[in-house]
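Text of input.cif, listed as mmCIF, C-alpha atoms:
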```cif
data_run
loop_
_atom_site.label_atom_id
_atom_site.label_comp_id
_atom_site.auth_asym_id
_atom_site.auth_seq_id
_atom_site.Cartn_x
_atom_site.Cartn_y
_atom_site.Cartn_z
CA MET A 156 15.59 19.27 -24.49
CA THR A 157 12.76 21.47 -25.68
CA SER A 158 9.08 20.63 -25.43
CA GLU A 159 8.87 20.45 -29.22
CA LYS A 160 11.57 17.79 -29.23
CA LEU A 161 9.77 15.82 -26.53
CA PHE A 162 6.54 15.85 -28.52
CA GLU A 163 8.47 14.75 -31.59
CA LEU A 164 9.98 11.82 -29.69
CA ALA A 165 6.56 10.88 -28.32
CA ASN A 166 5.08 10.86 -31.79
CA HIS A 167 7.95 8.77 -33.18
CA SER A 168 7.35 6.18 -30.44
CA GLY A 169 3.89 5.50 -31.78
CA GLY A 170 2.27 7.34 -28.88
CA THR A 171 3.62 4.93 -26.25
CA LEU A 172 5.41 7.75 -24.43
CA TYR A 173 2.02 9.41 -23.86
CA ILE A 174 0.68 6.17 -22.40
CA MET A 175 3.73 5.86 -20.16
CA CYS A 176 3.17 9.39 -18.87
CA VAL A 177 -0.32 8.29 -17.83
CA LEU A 178 1.16 5.20 -16.16
CA LEU A 179 3.64 7.39 -14.27
CA LEU A 180 0.79 9.61 -13.07
CA VAL A 181 -1.19 6.57 -11.91
CA ALA A 182 1.85 5.17 -10.11
CA LEU A 183 2.59 8.45 -8.32
CA THR A 184 -1.06 8.82 -7.29
CA VAL A 185 -1.15 5.33 -5.78
CA ILE A 186 2.23 5.85 -4.10
CA VAL A 187 1.23 9.12 -2.42
CA GLU A 188 -2.25 7.94 -1.37
CA ARG A 189 -1.12 4.58 0.02
CA THR A 190 1.94 6.04 1.75
CA LEU A 191 -0.12 8.63 3.63
CA PHE A 192 -2.89 6.14 4.43
CA LEU A 193 -0.62 3.32 5.64
CA SER A 194 1.66 5.68 7.60
CA LYS A 195 -1.34 7.07 9.48
CA MET A 196 -2.63 3.55 10.09
CA GLN A 197 0.72 2.29 11.35
CA GLN A 198 1.14 5.24 13.71
CA GLY A 199 -2.38 4.78 15.07
CA GLY A 200 -1.78 1.07 15.60
CA ASP A 201 1.36 1.81 17.61
CA GLU A 202 -0.61 4.19 19.82
CA LEU A 203 -3.38 1.63 20.44
CA ILE A 204 -0.83 -1.06 21.32
CA ALA A 205 0.86 1.35 23.73
CA LEU A 206 -2.47 2.14 25.40
CA LEU A 207 -3.30 -1.53 25.81
CA HIS A 208 0.21 -2.58 26.80
CA ASP A 209 -0.21 -2.46 30.58
CA SER A 210 -3.82 -3.10 31.58
CA SER A 211 -2.99 -2.86 35.29
CA GLU A 212 -2.27 0.84 34.87
CA LEU A 213 -4.75 1.43 32.06
CA GLN A 214 -6.99 4.42 32.56
CA ALA A 215 -10.45 3.99 31.03
CA ALA A 216 -10.69 7.66 30.03
CA SER A 217 -7.43 7.64 28.09
CA MET A 218 -8.39 4.37 26.39
CA GLN A 219 -11.78 5.75 25.37
CA GLU A 220 -10.09 8.84 23.96
CA GLY A 221 -7.64 6.68 22.01
CA LEU A 222 -10.45 4.56 20.55
CA ARG A 223 -12.39 7.63 19.49
CA LYS A 224 -9.28 9.18 17.94
CA HIS A 225 -8.58 6.10 15.82
CA ALA A 226 -12.18 5.04 15.16
CA ASP A 227 -11.53 4.85 11.40
CA LEU A 228 -8.65 2.37 11.70
CA PRO A 229 -9.11 -1.37 11.04
CA HIS A 230 -7.59 -2.08 14.47
CA ILE A 231 -10.84 -0.92 16.08
CA SER A 232 -12.71 -3.89 14.60
CA LEU A 233 -10.75 -6.14 16.97
CA PHE A 234 -11.91 -4.12 19.98
CA GLU A 235 -15.48 -4.24 18.70
CA ALA A 236 -15.32 -8.02 18.21
CA SER A 237 -13.91 -8.42 21.71
CA LEU A 238 -16.69 -6.31 23.23
CA LEU A 239 -19.41 -8.23 21.39
CA GLU A 240 -18.07 -11.58 22.61
CA PRO A 241 -20.25 -13.09 25.38
CA GLU A 242 -18.65 -13.38 28.82
CA GLU A 243 -19.07 -17.18 28.84
CA SER A 244 -17.18 -17.68 25.55
CA ALA A 245 -14.10 -19.90 25.60
CA ARG A 246 -10.70 -18.57 24.55
CA ASP A 247 -10.68 -20.53 21.27
CA THR A 248 -14.10 -19.21 20.33
CA CYS A 249 -13.12 -15.64 21.07
CA ALA A 250 -9.83 -16.10 19.19
CA GLY A 251 -11.74 -17.35 16.17
CA HIS A 252 -14.02 -14.31 16.15
CA LEU A 253 -11.07 -11.95 16.51
CA GLU A 254 -9.29 -13.71 13.65
CA GLU A 255 -12.42 -13.34 11.54
CA ALA A 256 -12.52 -9.59 12.24
CA LEU A 257 -8.83 -9.34 11.41
CA MET A 258 -9.18 -11.17 8.10
CA ARG A 259 -12.03 -8.88 7.04
CA GLU A 260 -9.78 -5.85 7.41
CA VAL A 261 -6.62 -7.17 5.71
CA PRO A 262 -7.87 -6.74 2.09
CA LEU A 263 -8.33 -3.01 2.73
CA LEU A 264 -4.61 -2.60 3.34
CA ASP A 265 -3.33 -3.45 -0.14
CA ARG A 266 -6.18 -1.76 -1.99
CA SER A 267 -4.91 -0.12 -5.24
CA LEU A 268 -1.51 -1.79 -4.99
CA TRP A 269 -2.47 -4.01 -7.92
CA MET A 270 -2.39 -0.87 -10.06
CA LEU A 271 1.17 -0.13 -9.00
CA ASP A 272 2.14 -3.74 -9.64
CA THR A 273 0.61 -3.53 -13.13
CA VAL A 274 2.53 -0.33 -13.92
CA ILE A 275 5.80 -1.95 -12.84
CA THR A 276 5.22 -4.82 -15.28
CA LEU A 277 3.67 -2.86 -18.14
CA ALA A 278 5.98 0.20 -18.32
CA PRO A 279 9.14 -1.64 -19.54
CA LEU A 280 7.10 -3.59 -22.10
CA LEU A 281 5.56 -0.39 -23.45
CA GLY A 282 9.01 1.19 -23.55
CA LEU A 283 10.35 -1.70 -25.59
CA PHE A 284 7.33 -1.50 -27.89
CA GLY A 285 7.92 2.22 -28.41
CA THR A 286 11.59 1.59 -29.17
CA ILE A 287 10.73 -0.99 -31.81
CA ILE A 288 8.29 1.41 -33.47
CA GLY A 289 10.93 4.15 -33.38
CA MET A 290 13.46 1.86 -35.02
CA PHE A 291 11.08 1.26 -37.91
CA GLY A 292 11.33 4.95 -38.68
CA ALA A 293 15.09 5.00 -38.14
CA PHE A 294 15.75 2.21 -40.66
CA SER A 295 13.30 3.63 -43.19
CA VAL A 296 15.90 6.22 -44.25
CA LEU A 297 18.41 3.65 -45.51
CA GLY A 298 17.51 4.59 -49.04
CA ASP A 299 19.31 7.92 -48.56
CA ILE A 300 22.89 6.67 -48.94
CA GLN A 301 24.59 9.97 -48.11
CA ASN A 302 22.87 10.60 -44.79
CA ALA A 303 21.77 7.06 -43.91
CA ALA A 304 24.38 6.37 -41.22
CA SER A 305 23.82 9.55 -39.22
CA GLN A 306 20.05 9.37 -39.53
CA VAL A 307 19.89 5.71 -38.47
CA THR A 308 22.13 6.16 -35.41
CA GLY A 309 20.23 9.30 -34.40
CA GLY A 310 16.90 7.55 -34.86
CA ILE A 311 17.99 4.56 -32.76
CA ALA A 312 19.20 6.86 -29.99
CA GLU A 313 15.84 8.63 -29.94
CA ALA A 314 13.95 5.34 -30.04
CA LEU A 315 15.84 4.03 -26.99
CA ILE A 316 14.43 6.89 -24.91
CA ALA A 317 11.13 4.98 -24.73
CA THR A 318 12.85 1.95 -23.21
CA ALA A 319 14.78 4.12 -20.74
CA PHE A 320 11.59 5.91 -19.68
CA GLY A 321 9.77 2.62 -19.19
CA LEU A 322 12.61 1.24 -17.06
CA LEU A 323 12.69 4.44 -14.98
CA ILE A 324 8.96 4.16 -14.23
CA ALA A 325 9.36 0.49 -13.29
CA MET A 326 12.29 1.22 -10.96
CA ILE A 327 10.44 4.02 -9.16
CA GLY A 328 7.35 1.85 -8.82
CA LEU A 329 9.30 -1.16 -7.59
CA VAL A 330 11.05 0.77 -4.83
CA PHE A 331 7.80 2.15 -3.46
CA PHE A 332 5.91 -1.12 -3.99
CA ASN A 333 8.40 -2.93 -1.77
CA GLY A 334 8.22 -0.14 0.80
CA LEU A 335 4.42 -0.21 0.89
CA SER A 336 4.41 -4.02 1.12
CA THR A 337 6.70 -3.73 4.16
CA LYS A 338 4.28 -1.26 5.78
CA ILE A 339 1.38 -3.64 5.14
CA ARG A 340 3.24 -6.52 6.79
CA ALA A 341 3.96 -4.28 9.77
CA ILE A 342 0.27 -3.35 10.12
CA VAL A 343 -0.82 -6.99 9.86
CA HIS A 344 1.70 -7.73 12.62
CA GLN A 345 0.12 -4.95 14.69
CA LEU A 346 -3.30 -6.55 14.22
CA ASP A 347 -1.91 -9.91 15.35
CA ILE A 348 -0.36 -8.27 18.41
CA LEU A 349 -3.64 -6.54 19.31
CA LYS A 350 -5.53 -9.80 18.88
CA LEU A 351 -3.17 -11.60 21.26
CA MET A 352 -3.18 -8.74 23.76
CA LEU A 353 -6.98 -8.65 23.87
CA LEU A 354 -7.11 -12.41 24.39
CA ASN A 355 -4.52 -12.24 27.16
CA ARG A 356 -6.31 -9.38 28.88
CA ARG A 357 -9.53 -11.40 28.85
CA PHE A 358 -8.35 -14.96 29.47
CA GLY A 359 -4.77 -14.65 30.61
CA THR A 360 -5.56 -13.85 34.26
CA ASN A 361 -7.91 -15.16 36.88
CA ALA A 362 -9.26 -11.73 37.64
CA PRO A 363 -13.05 -11.50 37.73
CA SER A 364 -14.75 -9.84 34.79
CA HIS A 365 -15.70 -6.75 36.82
CA ALA A 366 -11.98 -6.16 37.51
CA ARG A 367 -11.08 -5.99 33.85
CA PRO A 368 -10.91 -2.56 32.19
CA LYS A 369 -14.21 -1.68 30.56
CA LEU A 370 -13.75 -0.51 26.98
CA LYS A 371 -16.34 1.13 24.83
CA VAL A 372 -15.91 1.97 21.18
CA VAL A 373 -17.72 5.21 20.38
#
```

What would the structure in this file look like if it were written as structure tokens?
Amino acid sequence: MTSEKLFELANHSGGTLYIMCVLLLVALTVIVERTLFLSKMQQGGDELIALLHDSSELQAASMQEGLRKHADLPHISLFEASLLEPEESARDTCAGHLEEALMREVPLLDRSLWMLDTVITLAPLLGLFGTIIGMFGAFSVLGDIQNAASQVTGGIAEALIATAFGLLIAMIGLVFFNGLSTKIRAIVHQLDILKLMLLNRRFGTNAPSHARPKLKVV
């Protein structure tokens, strides 16, 4: 299919194909940006959990290096909240402050996903709208008795391209939306694990405070 034919189809759809191209571009931009961002975040969270996994063998230098490496991750806010907690605080109080830090970071995870969700809903509707507009043009040739049948069937076939394109955009967006939502749930689970690990390292043993590993977020 030539570019001239594509432009002709776009014009017959009332311009909705142009709008759907913009929607596809928006969807791909969100997909690429969120995939890279969440993948980096998930990998960094796994590394922080591994560093904190066994505090008895935890080396302060390696922990400090890990915190500096992942200083831009939301996981670090839990370490900061733990460090700012007074030594005399009870476990429930500390848990509440860690939960507060966690909840402040969660909205950053699904940022821009509302745009992808909107594209998934809007693209098929725009495709249907473009098909209806295209059919107006297809049925307008019924006055030409000799060529009416071929022109109507050809016009309907061209008009249905808008619906097919809208469904294609929605399917691509839905697959990646579900994948990104799964990554977000995994990262929230990481934050919950880190919260519990920090609480256990602080209150789960009877070791004196000077025996606990000293962490410093730089």

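Using all atoms listed in the file for every distance, the candidate list A:Gly289, A:Gly334, A:Gly251, A:Pro229 yields A:Pro229 as the residue closest to Gly200 (chain A).
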
(message) Once the PyMOL selection byres ((chain A and resi 347) around 12) is applied to the coordinates I shared, what remains selected? I want it as a VMD selection string.
(response) chain A and resid 200 204 229 to 230 233 250 253 to 258 260 to 261 340 to 346 348 to 354

(request) Please evaluate the PyMOL selection byres ((chain A and resi 338) around 12) against the displayed coordinates and give the resulting residues as a VMD selection string. (result) chain A and resid 189 to 198 200 264 to 265 331 to 337 339 to 345

(message) Please report the interatomic distance between CA of Met326 (chain A) and CA of Ile288 (chain A) in Å with one decimal.
(response) 22.9 Å

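Across A:Leu206, A:Gly199, A:Cys249, A:Arg259, the tightest approach to Ala226 (chain A) is made by A:Gly199 when counting all atoms listed in the file.
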
(request) Considering all atoms listed in the file, state which residue in the set A:Leu203, A:Glu235, A:Trp269, A:Thr171 is at the smallest distance from Gly282 (chain A). (result)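 Among the listed residues, the smallest separation from Gly282 (chain A) belongs to A:Thr171.
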
Can you tell me, as a PDB file with C-alpha atoms, in the coordinates of the input, which residues sit within 10 Å of (2.4, -2.6, -12.3) in the file's frame, using all atoms listed in the file?
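So result01.pdb came out as:
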```pdb
ATOM      1  CA  LEU A 178       1.160   5.200 -16.160  1.00  0.00           C
ATOM      2  CA  VAL A 181      -1.190   6.570 -11.910  1.00  0.00           C
ATOM      3  CA  ALA A 182       1.850   5.170 -10.110  1.00  0.00           C
ATOM      4  CA  LEU A 268      -1.510  -1.790  -4.990  1.00  0.00           C
ATOM      5  CA  TRP A 269      -2.470  -4.010  -7.920  1.00  0.00           C
ATOM      6  CA  MET A 270      -2.390  -0.870 -10.060  1.00  0.00           C
ATOM      7  CA  LEU A 271       1.170  -0.130  -9.000  1.00  0.00           C
ATOM      8  CA  ASP A 272       2.140  -3.740  -9.640  1.00  0.00           C
ATOM      9  CA  THR A 273       0.610  -3.530 -13.130  1.00  0.00           C
ATOM     10  CA  VAL A 274       2.530  -0.330 -13.920  1.00  0.00           C
ATOM     11  CA  ILE A 275       5.800  -1.950 -12.840  1.00  0.00           C
ATOM     12  CA  THR A 276       5.220  -4.820 -15.280  1.00  0.00           C
ATOM     13  CA  LEU A 277       3.670  -2.860 -18.140  1.00  0.00           C
ATOM     14  CA  ALA A 278       5.980   0.200 -18.320  1.00  0.00           C
ATOM     15  CA  PRO A 279       9.140  -1.640 -19.540  1.00  0.00           C
ATOM     16  CA  ILE A 324       8.960   4.160 -14.230  1.00  0.00           C
ATOM     17  CA  ALA A 325       9.360   0.490 -13.290  1.00  0.00           C
ATOM     18  CA  GLY A 328       7.350   1.850  -8.820  1.00  0.00           C
ATOM     19  CA  LEU A 329       9.300  -1.160  -7.590  1.00  0.00           C
ATOM     20  CA  PHE A 332       5.910  -1.120  -3.990  1.00  0.00           C
TER      21      PHE A 332
END
```

(request) Would you mind reading off the distance between CA of Ile316 (chain A) and CA of Thr286 (chain A), one decimal, in Å? (result)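 CA of Thr286 (chain A) lies at a distance of 7.4 Å from CA of Ile316 (chain A).
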
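Counting from CA of Met175 (chain A), the distance to CA of Val187 (chain A) is 18.2 Å.
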
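Closest approach to Phe284 (chain A) among A:Lys224, A:Thr318, A:Ser237, A:Pro262: A:Thr318, based on only C-alpha atoms.
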
Completed region 219-230 of chain A (all heavy atoms) as a tab-separated table (two decimals), in the coordinates of the input:
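Ended up saving to part-v1.tsv:
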```tsv
chain	number	residue	atom	x	y	z
A	219	GLN	N	-10.62	5.30	26.14
A	219	GLN	CA	-11.78	5.75	25.37
A	219	GLN	C	-11.39	6.85	24.39
A	219	GLN	O	-11.84	6.87	23.23
A	219	GLN	CB	-12.88	6.26	26.30
A	219	GLN	CG	-13.44	5.21	27.25
A	219	GLN	CD	-14.15	4.09	26.53
A	219	GLN	OE1	-14.52	4.24	25.38
A	219	GLN	NE2	-14.32	2.96	27.19
A	220	GLU	N	-10.54	7.76	24.83
A	220	GLU	CA	-10.09	8.84	23.96
A	220	GLU	C	-9.29	8.28	22.79
A	220	GLU	O	-9.43	8.74	21.65
A	220	GLU	CB	-9.24	9.83	24.76
A	220	GLU	CG	-8.75	11.01	23.94
A	220	GLU	CD	-7.89	11.96	24.76
A	220	GLU	OE1	-7.78	11.74	25.99
A	220	GLU	OE2	-7.33	12.89	24.16
A	221	GLY	N	-8.43	7.29	23.07
A	221	GLY	CA	-7.64	6.68	22.01
A	221	GLY	C	-8.50	5.95	21.00
A	221	GLY	O	-8.25	6.02	19.79
A	222	LEU	N	-9.55	5.26	21.46
A	222	LEU	CA	-10.45	4.56	20.55
A	222	LEU	C	-11.24	5.53	19.68
A	222	LEU	O	-11.47	5.27	18.50
A	222	LEU	CB	-11.39	3.66	21.35
A	222	LEU	CG	-10.74	2.48	22.08
A	222	LEU	CD1	-11.78	1.72	22.89
A	222	LEU	CD2	-10.04	1.55	21.10
A	223	ARG	N	-11.66	6.63	20.28
A	223	ARG	CA	-12.39	7.63	19.49
A	223	ARG	C	-11.47	8.28	18.45
A	223	ARG	O	-11.88	8.53	17.31
A	223	ARG	CB	-12.98	8.71	20.40
A	223	ARG	CG	-14.22	8.28	21.17
A	223	ARG	CD	-14.91	9.47	21.78
A	223	ARG	NE	-14.06	10.15	22.74
A	223	ARG	CZ	-14.04	9.87	24.05
A	223	ARG	NH1	-14.83	8.92	24.54
A	223	ARG	NH2	-13.25	10.54	24.85
A	224	LYS	N	-10.24	8.53	18.83
A	224	LYS	CA	-9.28	9.18	17.94
A	224	LYS	C	-9.00	8.33	16.71
A	224	LYS	O	-8.81	8.84	15.61
A	224	LYS	CB	-7.99	9.47	18.71
A	224	LYS	CG	-6.90	10.11	17.87
A	224	LYS	CD	-5.65	10.34	18.71
A	224	LYS	CE	-4.52	10.92	17.86
A	224	LYS	NZ	-3.28	11.11	18.67
A	225	HIS	N	-8.95	7.01	16.90
A	225	HIS	CA	-8.58	6.10	15.82
A	225	HIS	C	-9.78	5.24	15.39
A	225	HIS	O	-9.60	4.10	14.99
A	225	HIS	CB	-7.42	5.21	16.25
A	225	HIS	CG	-6.21	5.96	16.70
A	225	HIS	ND1	-5.47	6.74	15.84
A	225	HIS	CD2	-5.62	6.07	17.92
A	225	HIS	CE1	-4.47	7.29	16.51
A	225	HIS	NE2	-4.53	6.90	17.77
A	226	ALA	N	-10.97	5.81	15.46
A	226	ALA	CA	-12.18	5.04	15.16
A	226	ALA	C	-12.24	4.57	13.71
A	226	ALA	O	-12.96	3.63	13.40
A	226	ALA	CB	-13.42	5.87	15.49
A	227	ASP	N	-11.48	5.22	12.82
A	227	ASP	CA	-11.53	4.85	11.40
A	227	ASP	C	-10.47	3.81	11.03
A	227	ASP	O	-10.38	3.43	9.86
A	227	ASP	CB	-11.35	6.09	10.54
A	227	ASP	CG	-10.03	6.82	10.83
A	227	ASP	OD1	-9.51	6.67	11.95
A	227	ASP	OD2	-9.54	7.55	9.94
A	228	LEU	N	-9.70	3.34	11.99
A	228	LEU	CA	-8.65	2.37	11.70
A	228	LEU	C	-9.21	0.94	11.75
A	228	LEU	O	-10.15	0.66	12.50
A	228	LEU	CB	-7.50	2.50	12.70
A	228	LEU	CG	-6.74	3.82	12.72
A	228	LEU	CD1	-5.57	3.74	13.69
A	228	LEU	CD2	-6.23	4.18	11.33
A	229	PRO	N	-8.63	0.02	10.99
A	229	PRO	CA	-9.11	-1.37	11.04
A	229	PRO	C	-8.84	-2.05	12.38
A	229	PRO	O	-9.49	-3.04	12.72
A	229	PRO	CB	-8.32	-2.05	9.91
A	229	PRO	CG	-7.12	-1.20	9.71
A	229	PRO	CD	-7.56	0.20	9.99
A	230	HIS	N	-7.90	-1.51	13.16
A	230	HIS	CA	-7.59	-2.08	14.47
A	230	HIS	C	-8.82	-2.06	15.39
A	230	HIS	O	-8.97	-2.93	16.26
A	230	HIS	CB	-6.45	-1.31	15.13
A	230	HIS	CG	-5.21	-1.20	14.29
A	230	HIS	ND1	-5.17	-0.45	13.14
A	230	HIS	CD2	-3.98	-1.74	14.43
A	230	HIS	CE1	-3.96	-0.52	12.61
A	230	HIS	NE2	-3.22	-1.30	13.37
```
